[in-house]
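K.L.:
File run-v8.cif below, mmCIF, C-alpha atoms:
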```cif
data_protein
loop_
_atom_site.label_atom_id
_atom_site.label_comp_id
_atom_site.auth_asym_id
_atom_site.auth_seq_id
_atom_site.Cartn_x
_atom_site.Cartn_y
_atom_site.Cartn_z
CA MET A 14 37.40 -31.50 13.93
CA THR A 15 35.60 -28.17 13.66
CA ASN A 16 34.83 -28.81 9.98
CA ILE A 17 33.32 -32.22 10.84
CA VAL A 18 31.01 -30.65 13.47
CA ILE A 19 29.88 -27.94 11.05
CA LYS A 20 29.21 -30.56 8.36
CA GLU A 21 27.16 -32.69 10.78
CA GLU A 22 25.09 -29.69 11.88
CA ALA A 23 24.44 -28.73 8.24
CA GLU A 24 23.36 -32.28 7.44
CA ARG A 25 20.98 -32.31 10.42
CA SER A 26 19.40 -29.02 9.29
CA VAL A 27 18.92 -30.30 5.73
CA LYS A 28 17.72 -33.76 6.72
CA PRO A 29 14.13 -32.76 7.67
CA TRP A 30 13.67 -31.12 4.27
CA LYS A 31 15.11 -34.15 2.46
CA ALA A 32 12.88 -36.42 4.52
CA TRP A 33 9.83 -34.33 3.73
CA LEU A 34 10.63 -34.20 0.01
CA GLY A 35 11.58 -37.85 -0.25
CA SER A 36 9.43 -39.80 2.17
CA VAL A 37 6.19 -37.85 2.56
CA PRO A 38 3.64 -39.15 0.05
CA TYR A 39 2.71 -36.96 -2.89
CA GLY A 40 -0.89 -36.44 -1.77
CA LYS A 41 0.08 -35.48 1.75
CA ARG A 42 2.69 -33.02 0.49
CA LEU A 43 0.09 -31.44 -1.79
CA VAL A 44 -2.35 -30.99 1.11
CA GLN A 45 0.35 -29.55 3.38
CA LEU A 46 1.53 -27.06 0.76
CA HIS A 47 -2.03 -26.00 0.07
CA ARG A 48 -2.63 -25.41 3.78
CA TRP A 49 0.63 -23.46 4.22
CA ASN A 50 -0.11 -21.34 1.18
CA ALA A 51 -3.65 -20.61 2.37
CA TRP A 52 -2.43 -19.37 5.75
CA LEU A 53 0.38 -17.31 4.22
CA VAL A 54 -1.92 -15.63 1.69
CA THR A 55 -4.40 -14.86 4.49
CA VAL A 56 -1.78 -13.26 6.74
CA LEU A 57 -0.17 -11.43 3.80
CA ALA A 58 -3.55 -10.01 2.82
CA VAL A 59 -4.28 -8.86 6.37
CA THR A 60 -0.84 -7.26 6.89
CA GLY A 61 -0.89 -5.69 3.43
CA ILE A 62 -4.29 -4.10 4.01
CA LEU A 63 -3.27 -2.92 7.48
CA LEU A 64 -0.23 -1.14 6.01
CA PHE A 65 -2.58 1.19 4.16
CA VAL A 66 -5.07 1.76 6.97
CA GLU A 67 -4.61 5.32 8.22
CA PRO A 68 -4.55 4.58 12.00
CA VAL A 69 -1.80 2.00 11.40
CA ARG A 70 0.28 4.66 9.65
CA GLU A 71 0.30 6.56 12.93
CA LEU A 72 1.96 3.68 14.79
CA GLY A 73 5.48 4.75 13.82
CA GLN A 74 7.85 1.92 14.73
CA GLY A 75 4.93 -0.52 14.83
CA ARG A 76 4.29 0.09 11.16
CA ILE A 77 7.96 -0.61 10.36
CA TRP A 78 7.68 -3.97 12.14
CA LEU A 79 4.46 -4.73 10.27
CA LYS A 80 6.10 -3.89 6.94
CA ASP A 81 9.12 -6.11 7.74
CA ALA A 82 6.78 -8.96 8.72
CA HIS A 83 4.91 -8.53 5.42
CA VAL A 84 8.19 -8.76 3.46
CA TRP A 85 9.38 -11.91 5.25
CA LEU A 86 5.98 -13.56 4.88
CA GLY A 87 6.24 -12.80 1.19
CA PHE A 88 9.54 -14.66 1.00
CA LEU A 89 8.01 -17.63 2.83
CA SER A 90 5.20 -17.64 0.26
CA ILE A 91 7.80 -17.79 -2.53
CA VAL A 92 9.49 -20.75 -0.77
CA VAL A 93 6.17 -22.63 -0.55
CA THR A 94 5.53 -21.98 -4.24
CA VAL A 95 9.00 -23.27 -5.15
CA LEU A 96 8.39 -26.43 -3.09
CA TYR A 97 5.18 -26.99 -5.05
CA LEU A 98 6.80 -26.70 -8.50
CA PRO A 99 8.15 -30.31 -8.58
CA LEU A 100 4.57 -31.51 -8.00
CA LEU A 101 3.00 -29.24 -10.60
CA ARG A 102 3.33 -31.54 -13.62
CA LYS A 103 1.70 -34.52 -11.91
CA HIS A 104 -0.98 -32.34 -10.33
CA TRP A 105 -1.80 -30.78 -13.71
CA ARG A 106 -2.19 -34.21 -15.33
CA GLN A 107 -4.52 -35.32 -12.55
CA LEU A 108 -6.80 -32.39 -13.33
CA ALA A 109 -7.07 -33.28 -17.05
CA GLN A 110 -10.78 -34.11 -16.68
CA ARG A 111 -11.48 -31.11 -14.43
CA PRO A 112 -11.07 -27.95 -16.52
CA ALA A 113 -12.57 -25.70 -13.82
CA GLN A 114 -9.93 -26.82 -11.34
CA ARG A 115 -7.20 -26.31 -13.93
CA TRP A 116 -8.39 -22.74 -14.45
CA ASN A 117 -8.37 -22.25 -10.69
CA LEU A 118 -4.82 -23.61 -10.38
CA GLY A 119 -3.56 -21.48 -13.25
CA GLY A 120 -5.18 -18.38 -11.79
CA VAL A 121 -3.73 -18.98 -8.32
CA LEU A 122 -0.21 -19.53 -9.69
CA PHE A 123 -0.50 -16.39 -11.80
CA LEU A 124 -1.56 -14.35 -8.77
CA LEU A 125 1.23 -15.77 -6.61
CA ALA A 126 3.82 -15.08 -9.32
CA GLY A 127 2.52 -11.54 -9.80
CA TRP A 128 2.47 -10.78 -6.08
CA SER A 129 5.98 -12.21 -5.65
CA PHE A 130 7.57 -10.41 -8.60
CA THR A 131 6.06 -7.00 -7.88
CA GLY A 132 6.75 -7.42 -4.15
CA VAL A 133 10.45 -8.07 -4.80
CA LEU A 134 10.58 -4.99 -7.05
CA LEU A 135 9.06 -2.84 -4.28
CA TRP A 136 11.48 -4.34 -1.76
CA GLN A 137 14.40 -3.32 -3.99
CA LEU A 138 12.86 0.06 -4.85
CA ARG A 139 15.91 2.17 -4.02
CA ARG A 140 18.02 0.27 -6.56
CA LEU A 141 15.52 0.84 -9.37
CA ASP A 142 14.36 3.71 -11.50
CA PRO A 143 11.23 5.29 -9.89
CA ALA A 144 9.17 4.40 -12.96
CA TRP A 145 9.66 0.71 -12.10
CA GLY A 146 8.42 1.36 -8.59
CA ASN A 147 5.33 3.15 -9.82
CA ALA A 148 4.43 0.27 -12.16
CA ALA A 149 5.24 -2.37 -9.52
CA LEU A 150 3.01 -0.69 -6.91
CA LEU A 151 0.13 -0.34 -9.37
CA LEU A 152 0.36 -4.02 -10.37
CA HIS A 153 0.82 -5.16 -6.77
CA ASP A 154 -2.37 -3.30 -5.86
CA ALA A 155 -4.18 -4.76 -8.87
CA PHE A 156 -3.20 -8.32 -7.90
CA THR A 157 -4.46 -7.57 -4.38
CA TRP A 158 -7.80 -6.20 -5.57
CA VAL A 159 -8.35 -9.35 -7.64
CA GLY A 160 -6.55 -11.93 -5.52
CA VAL A 161 -7.95 -11.22 -2.06
CA PRO A 162 -11.66 -11.36 -3.08
CA TYR A 163 -10.94 -14.46 -5.17
CA ALA A 164 -9.18 -16.14 -2.22
CA VAL A 165 -12.16 -15.32 0.02
CA TYR A 166 -14.60 -16.70 -2.57
CA HIS A 167 -12.47 -19.81 -3.09
CA SER A 168 -12.33 -20.43 0.66
CA ILE A 169 -16.10 -20.12 1.01
CA SER A 170 -16.92 -22.19 -2.07
CA ARG A 171 -14.55 -24.97 -0.95
CA SER A 172 -15.62 -24.91 2.71
CA ARG A 173 -17.07 -28.00 4.37
CA TRP A 174 -20.39 -26.21 4.80
CA VAL A 175 -20.82 -25.73 1.06
CA LYS A 176 -19.49 -29.20 0.28
CA ALA A 177 -22.00 -30.67 2.73
CA ALA A 178 -24.81 -28.82 0.98
CA LYS A 179 -23.54 -30.08 -2.36
CA GLY A 180 -23.22 -33.70 -1.26
CA ARG A 181 -26.48 -33.93 0.67
CA PRO A 182 -29.03 -36.00 -1.32
CA GLN A 183 -32.07 -34.05 -2.32
CA GLN A 184 -35.03 -36.28 -1.71
CA VAL A 185 -38.52 -35.18 -2.32
CA GLN A 186 -40.91 -37.07 -0.07
CA GLU A 187 -44.27 -37.49 -1.68
CA PRO A 188 -46.98 -36.55 0.79
CA LYS A 189 -49.80 -38.95 1.47
CA ALA A 190 -53.10 -38.19 -0.17
CA GLU A 191 -55.93 -37.15 2.05
CA ALA A 192 -59.58 -37.82 1.48
CA GLY A 193 -61.19 -35.24 -0.72
CA ALA A 194 -57.91 -34.00 -2.24
CA VAL A 195 -58.28 -33.46 -5.94
CA GLY A 196 -55.35 -33.11 -8.39
CA GLU A 197 -51.62 -32.54 -7.71
CA GLY A 198 -52.02 -28.94 -6.64
CA GLY A 199 -54.85 -29.84 -4.31
CA LEU A 200 -52.87 -32.74 -2.89
CA HIS A 201 -49.86 -30.53 -1.97
CA ALA A 202 -52.06 -27.74 -0.70
CA ALA A 203 -53.98 -30.08 1.54
CA SER A 204 -51.05 -32.06 2.97
CA GLU A 205 -48.13 -29.54 3.25
CA SER A 206 -47.47 -26.92 5.85
CA GLY A 207 -46.01 -23.58 4.81
CA GLY A 208 -42.49 -24.60 5.90
CA GLN A 209 -42.70 -27.93 4.06
CA ARG A 210 -43.86 -26.19 0.90
CA LEU A 211 -40.89 -23.78 1.00
CA LEU A 212 -38.51 -26.69 1.60
CA ARG A 213 -39.94 -28.60 -1.38
CA GLN A 214 -39.60 -25.54 -3.61
CA LEU A 215 -35.95 -25.16 -2.63
CA GLN A 216 -35.28 -28.85 -3.22
CA GLU A 217 -36.93 -28.79 -6.63
CA ALA A 218 -35.31 -25.51 -7.67
CA PRO A 219 -33.05 -25.68 -10.74
CA ILE A 220 -30.12 -24.32 -8.68
CA SER A 221 -28.63 -26.47 -5.93
CA ARG A 222 -28.10 -25.16 -2.42
CA ALA A 223 -24.31 -25.35 -2.86
CA ALA A 224 -24.52 -23.31 -6.05
CA PHE A 225 -26.85 -20.86 -4.31
CA LEU A 226 -24.36 -20.40 -1.46
CA ARG A 227 -21.49 -19.84 -3.90
CA LEU A 228 -23.57 -17.36 -5.87
CA GLY A 229 -24.55 -15.53 -2.69
CA ALA A 230 -20.92 -15.30 -1.55
CA GLY A 231 -19.89 -13.99 -4.95
CA LEU A 232 -22.62 -11.35 -4.98
CA LEU A 233 -21.73 -10.20 -1.45
CA LEU A 234 -18.08 -9.81 -2.47
CA VAL A 235 -19.00 -7.91 -5.63
CA LEU A 236 -21.31 -5.58 -3.75
CA GLY A 237 -18.87 -5.12 -0.88
CA VAL A 238 -15.62 -4.73 -2.80
CA GLY A 239 -16.91 -3.49 -6.15
CA PRO A 240 -17.45 0.22 -5.32
CA ALA A 241 -14.02 0.56 -3.67
CA PHE A 242 -12.38 -1.29 -6.57
CA TYR A 243 -14.11 1.04 -9.04
CA ARG A 244 -12.81 4.10 -7.18
CA TRP A 245 -9.29 2.67 -7.15
CA LEU A 246 -9.46 1.79 -10.84
CA LYS A 247 -10.76 5.24 -11.75
CA GLN A 248 -8.06 6.97 -9.70
CA SER A 249 -5.32 4.74 -11.15
CA ALA A 250 -6.47 5.48 -14.69
CA ASP A 251 -6.63 9.22 -14.02
CA THR A 252 -3.26 10.81 -14.78
CA GLY A 253 -4.51 14.36 -15.21
CA GLY A 254 -4.67 15.57 -11.61
CA THR A 255 -8.41 15.19 -10.99
CA ALA A 256 -7.64 13.82 -7.51
CA LEU A 257 -5.76 17.05 -6.74
CA GLU A 258 -8.86 19.08 -7.56
CA GLN A 259 -11.01 16.86 -5.33
CA LEU A 260 -8.58 17.31 -2.43
CA ALA A 261 -8.69 21.08 -2.94
CA GLU A 262 -12.49 21.04 -2.72
CA SER A 263 -12.37 19.43 0.74
CA ASP A 264 -9.49 21.57 2.00
CA GLY A 265 -9.81 22.33 5.72
CA ASN A 266 -7.32 25.22 5.73
CA ARG A 267 -8.62 28.81 5.72
CA MET A 268 -5.72 30.91 4.48
CA LEU A 269 -6.56 34.45 3.34
CA PRO A 270 -5.65 36.14 1.17
CA GLU A 271 -4.79 33.37 -1.27
CA PRO A 272 -1.39 33.85 -2.93
CA VAL A 273 -1.61 35.21 -6.46
CA PRO A 274 0.23 32.71 -8.70
CA LEU A 275 3.03 33.81 -10.98
CA PRO A 276 2.40 33.57 -14.75
CA ALA A 277 4.52 30.39 -14.91
CA SER A 278 2.20 28.70 -12.39
CA SER A 279 -1.13 29.57 -13.96
CA PRO A 280 -1.41 27.75 -16.25
CA PRO A 281 1.33 25.51 -14.81
CA VAL A 282 4.48 25.55 -16.90
CA GLY A 283 4.84 21.79 -16.31
CA GLY A 284 1.48 21.16 -17.93
CA GLY A 285 -0.14 19.86 -14.73
CA SER A 286 0.93 17.02 -12.46
CA GLN A 287 0.80 13.54 -13.95
CA GLY A 288 -0.32 10.89 -11.48
CA ASN A 289 -2.01 10.87 -8.10
CA PHE A 290 -0.75 11.52 -4.60
CA ARG A 291 -1.43 9.00 -1.85
CA VAL A 292 -2.13 10.63 1.50
CA TYR A 293 0.10 9.32 4.31
CA THR A 294 0.34 10.80 7.81
CA VAL A 295 1.74 9.85 11.22
CA THR A 296 -0.86 11.94 13.07
CA GLY A 297 -4.27 13.35 12.34
CA ILE A 298 -4.22 15.89 9.52
CA PRO A 299 -3.90 19.39 11.03
CA SER A 300 -5.76 22.43 9.74
CA PHE A 301 -4.74 26.09 9.86
CA THR A 302 -6.12 29.57 9.42
CA SER A 303 -4.26 32.68 8.34
CA GLU A 304 -4.94 34.17 11.79
CA ASP A 305 -3.10 31.47 13.77
CA TRP A 306 -0.43 30.32 11.29
CA LYS A 307 3.22 31.31 11.87
CA PHE A 308 6.54 30.35 10.27
CA ALA A 309 9.89 30.55 12.11
CA LEU A 310 13.51 30.34 10.99
CA THR A 311 15.64 30.11 14.10
CA GLY A 312 18.64 28.44 15.73
CA LEU A 313 22.21 29.24 14.69
CA VAL A 314 21.29 32.25 12.56
CA ASP A 315 22.37 35.90 12.65
CA LYS A 316 18.83 37.25 12.50
CA GLU A 317 15.90 35.09 13.59
CA GLN A 318 12.84 35.30 11.35
CA LEU A 319 9.16 34.97 12.25
CA TRP A 320 6.48 35.47 9.59
CA ASP A 321 2.70 35.51 9.66
CA TRP A 322 0.74 34.41 6.61
CA SER A 323 0.55 37.80 4.95
CA ALA A 324 4.29 38.49 5.39
CA PHE A 325 5.35 35.02 4.25
CA THR A 326 3.27 35.08 1.07
CA GLY A 327 4.72 38.51 0.38
CA LEU A 328 8.23 37.05 -0.01
CA LYS A 329 9.61 36.77 -3.53
CA ARG A 330 8.72 33.38 -5.04
CA THR A 331 10.06 31.33 -7.95
CA VAL A 332 8.62 28.44 -9.99
CA GLN A 333 10.10 25.01 -10.67
CA VAL A 334 8.91 21.75 -12.23
CA SER A 335 9.97 18.48 -10.62
CA ASP A 336 8.91 14.88 -10.01
CA PHE A 337 7.76 13.65 -6.61
CA HIS A 338 8.71 10.14 -5.45
CA CYS A 339 7.50 8.23 -2.39
CA ILE A 340 9.53 5.46 -0.73
CA THR A 341 6.47 3.17 -0.97
CA GLY A 342 6.78 3.14 -4.76
CA TRP A 343 4.39 5.69 -6.26
CA SER A 344 5.41 8.85 -8.13
CA VAL A 345 3.77 12.00 -9.44
CA TYR A 346 5.48 13.62 -12.39
CA LYS A 347 5.90 17.18 -13.68
CA VAL A 348 4.52 18.98 -10.64
CA THR A 349 4.77 22.77 -10.90
CA TRP A 350 5.78 24.15 -7.50
CA GLU A 351 5.85 27.83 -6.57
CA GLY A 352 7.58 29.05 -3.44
CA ILE A 353 10.81 30.31 -1.90
CA PRO A 354 14.06 28.39 -2.44
CA LEU A 355 15.31 27.27 0.97
CA ARG A 356 18.78 28.65 0.32
CA GLU A 357 17.27 32.14 -0.07
CA LEU A 358 15.52 31.88 3.29
CA LEU A 359 18.81 30.79 4.87
CA ASP A 360 20.63 33.72 3.30
CA LEU A 361 17.93 36.07 4.55
CA ALA A 362 18.48 34.93 8.15
CA GLY A 363 22.23 34.54 7.89
CA VAL A 364 23.81 31.22 8.88
CA LYS A 365 26.39 31.11 11.67
CA ASP A 366 29.66 29.27 11.05
CA ARG A 367 28.82 26.61 13.66
CA ALA A 368 25.63 25.58 11.81
CA LYS A 369 26.07 22.34 9.86
CA PHE A 370 22.55 20.93 9.63
CA VAL A 371 18.93 21.99 9.16
CA LYS A 372 16.15 20.60 11.37
CA LEU A 373 12.63 20.78 9.89
CA TYR A 374 9.46 20.88 11.99
CA SER A 375 5.96 19.89 10.85
CA GLY A 376 2.94 21.79 12.13
CA ASP A 377 1.43 18.47 13.27
CA GLY A 378 3.66 18.77 16.35
CA VAL A 379 5.20 15.31 15.87
CA TYR A 380 6.98 14.93 12.55
CA THR A 381 10.52 16.18 11.96
CA SER A 382 13.26 15.54 9.45
CA GLY A 383 16.70 16.90 8.71
CA LEU A 384 19.11 17.87 5.94
CA SER A 385 22.76 18.76 5.87
CA LEU A 386 23.40 22.41 5.15
CA GLU A 387 24.83 21.42 1.77
CA GLN A 388 21.68 19.46 0.91
CA ALA A 389 19.45 22.31 2.07
CA ARG A 390 21.22 24.69 -0.32
CA MET A 391 20.55 22.59 -3.43
CA ASP A 392 18.91 24.65 -6.17
CA ASP A 393 15.64 22.67 -6.25
CA VAL A 394 14.94 22.49 -2.48
CA MET A 395 11.93 24.75 -2.03
CA VAL A 396 9.51 25.92 0.67
CA ALA A 397 6.40 25.68 -1.51
CA VAL A 398 3.08 27.55 -1.15
CA LEU A 399 1.46 26.70 -4.50
CA MET A 400 1.11 23.51 -6.53
CA ASP A 401 0.13 23.68 -10.19
CA GLY A 402 -0.93 27.28 -9.63
CA LYS A 403 -3.24 26.54 -6.68
CA PRO A 404 -2.88 26.53 -2.89
CA ILE A 405 -1.45 23.24 -1.64
CA PRO A 406 -4.37 21.18 -0.23
CA GLN A 407 -4.39 20.43 3.47
CA GLN A 408 -4.07 16.67 2.89
CA LEU A 409 -0.96 17.18 0.76
CA GLY A 410 0.85 19.29 3.34
CA GLY A 411 -0.55 22.79 2.81
CA PRO A 412 -0.55 25.64 3.37
CA VAL A 413 3.28 25.35 3.21
CA ARG A 414 5.44 22.29 2.69
CA LEU A 415 9.04 21.48 1.86
CA VAL A 416 9.92 19.99 -1.52
CA VAL A 417 13.18 18.02 -1.94
CA PRO A 418 12.83 16.50 -5.43
CA GLN A 419 16.06 14.47 -5.41
CA MET A 420 15.09 12.66 -2.21
CA TYR A 421 12.16 10.44 -1.28
CA ALA A 422 9.11 12.26 0.03
CA TYR A 423 9.63 11.60 3.73
CA LYS A 424 12.22 14.40 3.51
CA SER A 425 9.65 16.78 2.00
CA VAL A 426 8.08 17.75 5.32
CA LYS A 427 4.35 18.53 5.17
CA TRP A 428 2.76 21.44 7.08
CA LEU A 429 6.20 22.99 7.46
CA GLN A 430 6.21 25.70 10.14
CA ALA A 431 9.74 25.96 11.51
CA ILE A 432 13.34 25.58 10.38
CA GLU A 433 16.15 25.41 12.92
CA LEU A 434 19.87 25.63 12.12
CA VAL A 435 21.78 23.21 14.36
CA GLU A 436 25.33 22.03 14.86
CA LYS A 437 24.68 18.28 15.15
CA GLU A 438 22.85 16.07 12.70
CA HIS A 439 19.15 15.56 13.50
CA ILE A 440 17.62 12.10 13.13
CA GLY A 441 14.05 12.59 11.95
CA TYR A 442 10.82 10.71 12.61
CA TRP A 443 11.15 7.96 9.99
CA GLU A 444 14.95 7.99 10.03
CA LEU A 445 14.78 7.13 13.74
CA ARG A 446 12.60 4.15 12.74
CA GLY A 447 14.97 2.70 10.15
CA TYR A 448 14.67 4.90 7.05
CA GLU A 449 17.95 6.09 5.55
CA GLN A 450 19.23 9.53 6.51
CA ASN A 451 20.32 10.30 2.95
CA ALA A 452 17.12 9.46 1.08
CA TRP A 453 18.42 9.90 -2.46
CA VAL A 454 16.22 8.76 -5.31
CA LYS A 455 18.25 6.84 -7.88
CA GLY A 456 20.04 9.42 -10.03
CA GLY A 457 19.88 12.11 -7.34
CA GLY A 458 22.64 13.40 -5.10
CA LEU A 459 25.13 16.17 -4.67
CA SER A 460 27.47 16.65 -7.59
#
```
Could you write out this file's structure as structure tokens?
P.N.:
Amino acid sequence: MTNIVIKEEAERSVKPWKAWLGSVPYGKRLVQLHRWNAWLVTVLAVTGILLFVEPVRELGQGRIWLKDAHVWLGFLSIVVTVLYLPLLRKHWRQLAQRPAQRWNLGGVLFLLAGWSFTGVLLWQLRRLDPAWGNAALLLHDAFTWVGVPYAVYHSISRSRWVKAAKGRPQQVQEPKAEAGAVGEGGLHAASESGGQRLLRQLQEAPISRAAFLRLGAGLLLVLGVGPAFYRWLKQSADTGGTALEQLAESDGNRMLPEPVPLPASSPPVGGGSQGNFRVYTVTGIPSFTSEDWKFALTGLVDKEQLWDWSAFTGLKRTVQVSDFHCITGWSVYKVTWEGIPLRELLDLAGVKDRAKFVKLYSGDGVYTSGLSLEQARMDDVMVAVLMDGKPIPQQLGGPVRLVVPQMYAYKSVKWLQAIELVEKEHIGYWELRGYEQNAWVKGGGLS
């Protein structure tokens, strides 16, 4: 009996889809799918752009919900595309005499396929090699830069307003001749007001009003989006660290004296970072001076430590080269970091037997994260003060930040100012909002 009920419920849930696929006429289905796709692309574009707007990044849990909504909307878009595929062949044949519309259809399908494929790769980032994530994010951004302006232009050019301008008959009413008017020019000059003359010139212009509106919309999009697209394209093509130099020029920190880099940092033994950092924060970006900056190592330790800038930069430093991976998909390779291995700071303070975990505090007053004591003692976990032989820029977490190369970057706390040894595991800012506690990059982990 139970099996019969389950079967009936399943049939009822499938029936609307079968009815829609089987009984709804082809033309109506095509219109419905077009409408659904238009709304989905609009909402996906809005949510995708919002995810990279800095104030939204400070929403914490709200940003997680927005990201989840973006992912599920992406899956709905894939479903709509799949529902369209059985209609594609007939639709393509109908457009045989309309090459422009065929180009439009091909372009839209290409954009949807590109968005969907790269979006799925980003969704499954933790199961992939970081290089796949970097490429997927770059392509996903590229499809967005092209697709969103094109969707806007397509919506404007296909709007009823433009269609009305295109379909409206252009009639030129010959004015009546007045006494004394001589010649065609004299006739128009004598009989037309200034407004009528302008209207006649527009009507007789070689470009129609619909074409003029489309051209105007295209030019506005080019002028509005073009400069930002150029900056993105230039930054994406730059793999030599130019962006790092620009961030250093606008650095708001005032830390004196600057640390003198070790020979392995200047020039950087890694050859210079390859790629560009994206600046993410959950608060406003803090700034520091050497007069007010302090660094504490406290909690379950034998000897609490408190350093000012001069004392901290006087500690013995080492140099390492490592890659830097963000959970959103981008990576920067071969970064040369100079600083103090975290395990050496822990040894300097002395760790009590009850201490099992390390709690990390950002100088922004909000962000925290945590590591197990075993993770904190890994050889490449470093409290860094220099990057590629230069002070770490304020926007990238300077003057001091944590570097945990084998984990995603939300564990590499920016503006690090305090380390506390604790007995119970600490759930950090993003971990509390759904990120995994053990943020291993594929291939990383304790051996």
K.L.:
Work out how far apart atom CA of Ala324 of chain A and atom CA of Leu399 of chain A are and give it in Å to one decimal.
P.N.:
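Atom CA of Leu399 of chain A lies 15.6 Å from atom CA of Ala324 of chain A.
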K.L.:
Check which residues satisfy the PyMOL selection byres ((chain A and resi 263-272) around 8) in the file shown, then give them as a PyMOL selection string.
P.N.:
chain A and resi 259-262+273-274+300-303+322-323+326+398-399+404+406-408+411-412
K.L.:
Would you list the contacts of Thr296 of chain A as an MDAnalysis selection string, taking every protein, DNA or RNA residue within 12 Å and counting all atoms listed in the file, but skipping same-chain residues closer than 4 positions in sequence?
P.N.:
chainID A and resid 67:73 292 375:380 408 427:428 442
K.L.:
Just checking: using all atoms listed in the file, which residue out of A:Leu118, A:Arg291, A:Leu355, A:Asp142 ends up closest to Leu386 of chain A?
P.N.:
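Nearest to Leu386 of chain A: A:Leu355.
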K.L.:
May I have the residues within 12 Å of Asn50 of chain A as JSON, numbers by chain, using only C-alpha atoms and disregarding those fewer than 6 positions away in the same chain?
P.N.:
{"A": [43, 44, 56, 57, 58, 86, 87, 88, 89, 90, 91, 92, 93, 94, 95, 96, 97, 121, 122, 125, 164]}
K.L.:
Show me, as a compact mmCIF listing (two decimals) with C-alpha atoms, keeping the file's coordinate frame, the residues that have an atom within 10 Å of Ile432 of chain A when counting only C-alpha atoms, minus same-chain residues fewer than 2 positions from it.
P.N.:
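Below is the file that was written, part_8.txt:
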```
# COMPACT_ATOMS: atom_id res chain seq x y z
CA PHE A 308 6.54 30.35 10.27
CA ALA A 309 9.89 30.55 12.11
CA LEU A 310 13.51 30.34 10.99
CA THR A 311 15.64 30.11 14.10
CA GLY A 312 18.64 28.44 15.73
CA GLN A 318 12.84 35.30 11.35
CA LEU A 355 15.31 27.27 0.97
CA LEU A 358 15.52 31.88 3.29
CA LEU A 359 18.81 30.79 4.87
CA VAL A 371 18.93 21.99 9.16
CA LYS A 372 16.15 20.60 11.37
CA LEU A 373 12.63 20.78 9.89
CA TYR A 374 9.46 20.88 11.99
CA SER A 375 5.96 19.89 10.85
CA THR A 381 10.52 16.18 11.96
CA GLY A 383 16.70 16.90 8.71
CA LEU A 429 6.20 22.99 7.46
CA GLN A 430 6.21 25.70 10.14
CA LEU A 434 19.87 25.63 12.12
CA VAL A 435 21.78 23.21 14.36
```
K.L.:
So how many Å separate atom CA of Lys329 of chain A and atom CA of Lys307 of chain A, to one decimal?
P.N.:
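One can read the atom CA of Lys329 of chain A to atom CA of Lys307 of chain A distance as 17.5 Å.
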K.L.:
Any idea what's packed within 12 Å of segment 444-453 of chain A, counting all atoms listed in the file, ignoring anything in its chain fewer than 3 positions away? Could you give it as a PyMOL selection string?
P.N.:
chain A and resi 72-78+80-81+138-143+338-341+380-385+388+417-425+438-441+456-459
